[in-house]
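Source file: upload-v8.txt; contents: compact mmCIF, C-alpha atoms.
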```
# COMPACT_ATOMS: atom_id res chain seq x y z
CA MET A 1 134.46 95.47 11.48
CA ASP A 2 131.77 92.93 12.32
CA ILE A 3 132.70 91.32 15.67
CA ARG A 4 130.42 88.39 14.81
CA LEU A 5 132.63 87.46 11.86
CA LYS A 6 135.77 87.64 14.02
CA ILE A 7 134.17 85.35 16.61
CA PHE A 8 133.08 83.02 13.78
CA GLU A 9 136.67 82.88 12.52
CA MET A 10 138.03 82.17 16.03
CA ARG A 11 135.34 79.70 17.15
CA SER A 12 137.71 76.71 17.08
CA TYR A 13 140.05 78.41 19.56
CA THR A 14 137.64 79.99 22.07
CA PRO A 15 137.16 76.74 24.08
CA ILE A 16 140.90 76.43 24.77
CA PRO A 17 141.02 78.61 27.94
CA PHE A 18 138.08 76.71 29.43
CA LEU A 19 139.63 73.34 28.54
CA LEU A 20 142.98 74.32 30.07
CA VAL A 21 141.36 75.41 33.36
CA MET A 22 139.15 72.32 33.31
CA VAL A 23 142.08 69.92 32.95
CA ALA A 24 144.35 71.83 35.36
CA PHE A 25 141.75 71.85 38.14
CA ALA A 26 140.13 68.49 37.39
CA GLU A 27 138.90 66.47 40.36
CA PRO A 28 137.08 63.65 38.56
CA THR A 29 135.15 60.90 40.30
CA LEU A 30 133.90 57.69 38.80
CA ILE A 31 130.36 59.11 38.72
CA SER A 32 131.46 62.40 37.11
CA LEU A 33 133.48 60.46 34.51
CA MET A 34 130.60 58.18 33.52
CA SER A 35 127.84 60.79 33.52
CA GLY A 36 129.92 63.46 31.79
CA PHE A 37 131.19 61.06 29.14
CA SER A 38 127.59 60.08 28.34
CA VAL A 39 126.60 63.71 27.77
CA ALA A 40 129.75 64.44 25.72
CA LEU A 41 129.27 61.31 23.61
CA ILE A 42 125.69 62.30 22.76
CA GLY A 43 127.00 65.73 21.74
CA GLU A 44 129.64 64.19 19.49
CA ALA A 45 127.04 61.84 17.97
CA ILE A 46 124.84 64.84 17.08
CA ARG A 47 127.85 66.63 15.55
CA PHE A 48 128.91 63.54 13.61
CA TRP A 49 125.39 63.04 12.23
CA GLY A 50 125.39 66.66 11.07
CA VAL A 51 128.83 66.65 9.44
CA SER A 52 128.12 63.30 7.78
CA ILE A 53 125.47 65.23 5.85
CA CYS A 54 127.03 68.66 5.30
CA GLY A 55 130.70 67.63 5.19
CA SER A 56 133.72 69.90 5.43
CA GLU A 57 131.78 73.00 4.42
CA THR A 58 131.26 73.54 8.17
CA ARG A 59 135.04 73.77 8.67
CA THR A 60 135.43 77.14 6.97
CA THR A 61 137.13 79.83 9.02
CA GLY A 62 136.76 82.55 6.41
CA ALA A 63 133.54 84.16 5.32
CA VAL A 64 130.22 82.82 6.53
CA GLY A 65 128.62 80.88 3.72
CA ALA A 66 126.68 77.87 2.54
CA THR A 67 126.18 76.44 -0.92
CA ASN A 68 122.95 74.64 -0.02
CA LEU A 69 120.22 74.88 2.60
CA ILE A 70 120.47 71.58 4.45
CA THR A 71 117.36 70.45 6.32
CA ASP A 72 118.07 66.72 6.38
CA GLY A 73 119.27 64.67 9.37
CA PRO A 74 119.64 66.64 12.61
CA PHE A 75 119.01 69.88 10.71
CA GLY A 76 115.38 68.74 10.46
CA TYR A 77 115.10 68.95 14.25
CA VAL A 78 117.26 71.95 15.14
CA ARG A 79 118.84 74.63 12.93
CA ASN A 80 122.25 74.48 14.61
CA PRO A 81 122.95 70.84 15.56
CA LEU A 82 126.73 71.27 15.40
CA TYR A 83 126.62 74.05 17.99
CA VAL A 84 124.18 72.06 20.13
CA GLY A 85 126.60 69.13 19.91
CA ASN A 86 129.53 71.39 20.84
CA ILE A 87 127.76 72.68 23.92
CA MET A 88 126.90 69.13 25.00
CA MET A 89 130.53 68.09 24.51
CA TYR A 90 131.81 71.03 26.57
CA VAL A 91 129.26 70.41 29.30
CA GLY A 92 130.01 66.68 29.29
CA CYS A 93 133.76 67.23 29.57
CA GLY A 94 133.12 69.75 32.35
CA ILE A 95 131.03 67.20 34.24
CA MET A 96 133.76 64.61 33.72
CA SER A 97 136.45 66.90 35.12
CA ASN A 98 134.40 68.08 38.07
CA ALA A 99 136.61 71.22 38.04
CA VAL A 100 135.94 74.50 39.88
CA VAL A 101 132.29 73.55 40.37
CA PRO A 102 130.03 75.45 39.56
CA TYR A 103 132.01 78.55 38.50
CA LEU A 104 133.78 77.17 35.44
CA ALA A 105 130.56 75.66 34.10
CA LEU A 106 128.66 78.92 34.60
CA ALA A 107 131.39 81.00 32.94
CA ALA A 108 131.61 78.59 30.00
CA PHE A 109 127.84 78.46 29.61
CA VAL A 110 127.54 82.27 29.54
CA TRP A 111 130.44 82.61 27.10
CA PHE A 112 129.16 79.97 24.67
CA VAL A 113 125.59 81.32 24.75
CA ILE A 114 126.94 84.75 23.79
CA GLN A 115 129.37 83.34 21.23
CA TYR A 116 126.86 81.12 19.46
CA HIS A 117 124.16 83.79 19.55
CA LEU A 118 126.51 86.20 17.75
CA ILE A 119 127.74 83.59 15.26
CA VAL A 120 124.24 82.34 14.46
CA SER A 121 122.88 85.86 13.96
CA ARG A 122 125.59 86.43 11.32
CA GLU A 123 125.04 83.04 9.67
CA GLU A 124 121.29 83.61 9.53
CA GLU A 125 121.75 86.93 7.72
CA HIS A 126 123.69 85.12 5.02
CA LEU A 127 121.24 82.21 4.78
CA ARG A 128 118.23 84.52 4.61
CA THR A 129 119.84 86.41 1.72
CA ALA A 130 120.99 83.25 -0.07
CA PHE A 131 117.84 81.13 0.32
CA GLY A 132 115.02 83.66 0.84
CA ASP A 133 111.54 82.27 1.43
CA GLU A 134 112.79 78.69 1.70
CA TYR A 135 114.99 79.68 4.66
CA THR A 136 112.24 81.81 6.21
CA ALA A 137 109.85 78.83 6.15
CA TYR A 138 112.57 76.64 7.66
CA CYS A 139 113.18 79.17 10.48
CA GLU A 140 109.46 79.37 11.21
CA ASN A 141 109.34 75.60 11.74
CA VAL A 142 112.71 74.57 13.16
CA PRO A 143 114.11 76.12 16.37
CA ARG A 144 117.64 77.52 16.65
CA PHE A 145 118.91 75.53 19.64
CA ILE A 146 116.12 73.54 21.33
CA PRO A 147 115.27 70.58 19.08
CA ARG A 148 111.70 69.95 18.00
CA LEU A 149 110.32 66.47 18.63
CA THR A 150 109.30 65.68 15.06
CA LYS A 151 111.37 66.07 11.92
CA TYR A 152 110.71 69.07 9.70
CA SER A 153 109.27 67.89 6.43
CA GLY A 154 108.66 71.18 4.64
CA GLU A 155 109.53 71.89 1.06
CA HIS A 156 113.24 72.15 0.44
CA SER A 157 115.20 71.84 -2.75
CA PHE A 158 118.34 70.06 -1.54
CA HIS A 159 118.58 66.56 -0.05
CA ARG A 160 121.66 64.71 1.14
CA ASP A 161 121.93 61.42 2.98
CA PRO A 162 124.51 60.85 5.74
CA ASN A 163 127.88 59.55 4.59
CA VAL A 164 130.24 58.12 7.24
CA SER A 165 133.34 58.79 5.14
CA ARG A 166 132.37 62.44 4.64
CA GLY A 167 131.65 62.69 8.36
CA LEU A 168 135.01 61.21 9.39
CA GLN A 169 136.89 63.44 6.97
CA SER A 170 135.22 66.55 8.37
CA GLU A 171 135.22 65.52 12.03
CA MET A 172 138.75 64.13 12.40
CA ARG A 173 140.19 67.20 14.19
CA THR A 174 137.24 67.34 16.60
CA LEU A 175 137.52 63.61 17.34
CA GLN A 176 141.25 63.97 18.03
CA ALA A 177 140.74 66.95 20.37
CA PHE A 178 137.79 65.24 22.09
CA SER A 179 139.85 62.07 22.65
CA ALA A 180 142.82 64.06 24.00
CA VAL A 181 140.68 65.98 26.52
CA ILE A 182 138.94 62.80 27.67
CA ALA A 183 142.30 61.02 28.04
CA LEU A 184 143.71 63.91 30.11
CA ILE A 185 140.69 63.91 32.42
CA ILE A 186 140.87 60.13 32.89
CA PHE A 187 144.62 60.46 33.52
CA ARG A 188 143.86 63.04 36.24
CA TYR A 189 141.42 60.58 37.80
CA PHE A 190 144.13 57.93 38.13
CA VAL A 191 146.91 60.26 39.37
CA ARG A 192 144.91 62.19 41.99
```

As structure tokens - that is how I would like this structure written.
Amino acid sequence: MDIRLKIFEMRSYTPIPFLLVMVAFAEPTLISLMSGFSVALIGEAIRFWGVSICGSETRTTGAVGATNLITDGPFGYVRNPLYVGNIMMYVGCGIMSNAVVPYLALAAFVWFVIQYHLIVSREEEHLRTAFGDEYTAYCENVPRFIPRLTKYSGEHSFHRDPNVSRGLQSEMRTLQAFSAVIALIIFRYFVR
């Protein structure tokens, strides 16, 4: 059994323990709310930009796969913009909650680095097999997690423009969860 595939399948549920601890032990301040929300909102914007291009294909919980190599939009700056966006959202919500500082943030950071490293290594195996030299050239020019400053403009065979409707359809569950966590943290601020 490939543990990477199991983690890939469970990736929507692994943040739950961190979110529960974060909300239960939240001690938000006005500064933590504003600064954390800014970071989380940037993360969600990156995610939304990505899913408005690739759509619901990113929502699969079965086998790792992709029908096309997407290098448009945020994928032209970083190979894994949805994971970068996720990390920014988790960090932003953690800053907002101001919970168990700094232990919860450190534990979450270590966990998500390990999780995304394992998931990405499995995804890259599939993409390398499916797209060969085109994917190799992409990997040589676009970093995994730290965005480059200029957009990758190498040769690629598939182009897709962002579509807000496609993005909303794919991102609805994430937007609902994001809104619920933010509302709980703000609620904790007012009832402290």

Any chance you could tabulate, as a tab-separated table, the residues of stretch 71-123 of chain A at most 6 Å from stretch 35-56 of chain A with each one's nearest atom pair and distance in Å to one decimal, using all atoms listed in the file, in chain and rising number order?
```
residue	atom	partner	partner_atom	distance
A:Pro74	CA	A:Gly50	CA	6.0
A:Leu82	CA	A:Arg47	CA	4.8
A:Gly85	CA	A:Gly43	CA	3.9
A:Met88	CA	A:Gly43	CA	4.7
A:Met89	CA	A:Ala40	CA	3.9
A:Gly92	CA	A:Gly36	CA	4.1
A:Cys93	CA	A:Gly36	CA	5.8
A:Ile95	CA	A:Gly36	CA	4.6
A:Met96	CA	A:Gly36	CA	4.4
```

Could you dump the residues just selected with C-alpha atoms as a PDB file, in the frame of the given file?
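The file below, result.pdb, is the result:
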```pdb
ATOM      1  CA  PRO A  74     119.640  66.640  12.610  1.00  0.00           C
ATOM      2  CA  LEU A  82     126.730  71.270  15.400  1.00  0.00           C
ATOM      3  CA  GLY A  85     126.600  69.130  19.910  1.00  0.00           C
ATOM      4  CA  MET A  88     126.900  69.130  25.000  1.00  0.00           C
ATOM      5  CA  MET A  89     130.530  68.090  24.510  1.00  0.00           C
ATOM      6  CA  GLY A  92     130.010  66.680  29.290  1.00  0.00           C
ATOM      7  CA  CYS A  93     133.760  67.230  29.570  1.00  0.00           C
ATOM      8  CA  ILE A  95     131.030  67.200  34.240  1.00  0.00           C
ATOM      9  CA  MET A  96     133.760  64.610  33.720  1.00  0.00           C
TER      10      MET A  96
END
```

**Q.** Separation of atom CA of A:Glu27 from atom CA of A:Val101, in Å and rounded to one decimal
**A.** 9.7 Å

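In this comparison, which uses only C-alpha atoms, the residue of A:Thr174, A:Ile185, A:Ser97, A:Arg79 approaching A:Thr136 most closely is A:Arg79.
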
**Q.** Best match for closeness to A:Thr150 among A:Val110, A:Val78, A:Val191, A:Ala24, counting all atoms listed in the file
**A.**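 Among A:Val110, A:Val78, A:Val191, A:Ala24, it is A:Val78 that comes nearest to A:Thr150.
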
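The smallest atom-to-atom distance between A:Lys151 and any of A:Val113, A:Phe8, A:Ile182, A:Asp72, using all atoms listed in the file, is found for A:Asp72.
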
Q. Looking at A:Phe112, A:Phe145, A:Gly94, A:Cys139, which one is nearest to A:Ala26, with distances taken over only C-alpha atoms?
A.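 When distances to A:Ala26 are compared using only C-alpha atoms, the smallest one comes from A:Gly94.
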
**Q.** Å distance separating atom CA of A:Met1 from atom CA of A:Ala130, one decimal place
**A.**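 Separation between atom CA of A:Met1 and atom CA of A:Ala130: 21.5 Å.
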
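With atom CA of A:Met10 on one side and atom CA of A:Val91 on the other, the separation reads 19.8 Å.
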
Q | Who sits within 12 Å of A:Tyr138, all atoms listed in the file, same chain under 6 positions skipped, as JSON, numbers by chain | A | {"A": [69, 70, 71, 72, 75, 76, 77, 78, 79, 124, 127, 128, 131, 132, 144, 151, 152, 153, 154, 155, 156, 157]}

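Of the listed residues A:Asn86, A:Ser32, A:Asn98, A:Gln115, the one whose atoms come nearest to A:Arg4 is A:Gln115, with distances taken using only C-alpha atoms.
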
Q: Name the closest residue to A:Tyr83 among the candidates A:Ile146, A:Met34, A:Ala137, A:Leu106; distances are taken between atoms, counting all atoms listed in the file.
A: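 Smallest separation from A:Tyr83 among the options: A:Ile146.
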
Stretch 138-167 of chain A rebuilt with N, CA and C atoms, output as a tab-separated table (two decimals), in the frame of the given file:
```tsv
chain	number	residue	atom	x	y	z
A	138	TYR	N	111.79	77.54	6.81
A	138	TYR	CA	112.57	76.64	7.66
A	138	TYR	C	112.70	77.22	9.07
A	139	CYS	N	113.04	78.50	9.17
A	139	CYS	CA	113.18	79.17	10.48
A	139	CYS	C	111.87	79.19	11.25
A	140	GLU	N	110.77	79.33	10.56
A	140	GLU	CA	109.46	79.37	11.21
A	140	GLU	C	109.08	78.01	11.79
A	141	ASN	N	109.71	76.95	11.32
A	141	ASN	CA	109.34	75.60	11.74
A	141	ASN	C	110.39	74.85	12.55
A	142	VAL	N	111.63	75.29	12.48
A	142	VAL	CA	112.71	74.57	13.16
A	142	VAL	C	113.42	75.54	14.10
A	143	PRO	N	113.48	75.23	15.40
A	143	PRO	CA	114.11	76.12	16.37
A	143	PRO	C	115.62	76.21	16.20
A	144	ARG	N	116.19	77.29	16.71
A	144	ARG	CA	117.64	77.52	16.65
A	144	ARG	C	118.43	76.49	17.45
A	145	PHE	N	118.07	76.32	18.74
A	145	PHE	CA	118.91	75.53	19.64
A	145	PHE	C	118.18	74.44	20.41
A	146	ILE	N	116.89	74.56	20.59
A	146	ILE	CA	116.12	73.54	21.33
A	146	ILE	C	115.42	72.67	20.29
A	147	PRO	N	115.83	71.42	20.15
A	147	PRO	CA	115.27	70.58	19.08
A	147	PRO	C	113.76	70.38	19.20
A	148	ARG	N	113.11	70.33	18.05
A	148	ARG	CA	111.70	69.95	18.00
A	148	ARG	C	111.63	68.43	18.09
A	149	LEU	N	110.47	67.91	18.42
A	149	LEU	CA	110.32	66.47	18.63
A	149	LEU	C	110.10	65.69	17.34
A	150	THR	N	109.54	66.35	16.34
A	150	THR	CA	109.30	65.68	15.06
A	150	THR	C	110.16	66.34	13.99
A	151	LYS	N	110.50	65.56	12.98
A	151	LYS	CA	111.37	66.07	11.92
A	151	LYS	C	110.62	67.03	10.99
A	152	TYR	N	111.25	68.11	10.67
A	152	TYR	CA	110.71	69.07	9.70
A	152	TYR	C	110.61	68.40	8.34
A	153	SER	N	109.46	68.52	7.73
A	153	SER	CA	109.27	67.89	6.43
A	153	SER	C	108.75	68.89	5.41
A	154	GLY	N	109.10	70.15	5.58
A	154	GLY	CA	108.66	71.18	4.64
A	154	GLY	C	109.36	71.05	3.30
A	155	GLU	N	108.95	71.88	2.40
A	155	GLU	CA	109.53	71.89	1.06
A	155	GLU	C	110.96	72.42	1.12
A	156	HIS	N	111.87	71.67	0.57
A	156	HIS	CA	113.24	72.15	0.44
A	156	HIS	C	113.85	71.50	-0.80
A	157	SER	N	114.73	72.24	-1.43
A	157	SER	CA	115.20	71.84	-2.75
A	157	SER	C	116.44	70.95	-2.73
A	158	PHE	N	117.09	70.81	-1.58
A	158	PHE	CA	118.34	70.06	-1.54
A	158	PHE	C	118.23	68.93	-0.53
A	159	HIS	N	118.60	67.73	-0.94
A	159	HIS	CA	118.58	66.56	-0.05
A	159	HIS	C	119.95	65.88	-0.10
A	160	ARG	N	120.40	65.45	1.08
A	160	ARG	CA	121.66	64.71	1.14
A	160	ARG	C	121.55	63.71	2.27
A	161	ASP	N	121.92	62.47	1.97
A	161	ASP	CA	121.93	61.42	2.98
A	161	ASP	C	123.25	61.45	3.75
A	162	PRO	N	123.25	60.93	4.98
A	162	PRO	CA	124.51	60.85	5.74
A	162	PRO	C	125.52	59.97	5.03
A	163	ASN	N	126.80	60.31	5.17
A	163	ASN	CA	127.88	59.55	4.59
A	163	ASN	C	128.99	59.49	5.65
A	164	VAL	N	129.27	58.29	6.16
A	164	VAL	CA	130.24	58.12	7.24
A	164	VAL	C	131.62	58.63	6.83
A	165	SER	N	132.03	58.35	5.61
A	165	SER	CA	133.34	58.79	5.14
A	165	SER	C	133.43	60.31	5.14
A	166	ARG	N	132.41	60.97	4.64
A	166	ARG	CA	132.37	62.44	4.64
A	166	ARG	C	132.40	62.96	6.07
A	167	GLY	N	131.68	62.29	6.96
A	167	GLY	CA	131.65	62.69	8.36
A	167	GLY	C	133.01	62.56	9.02
```
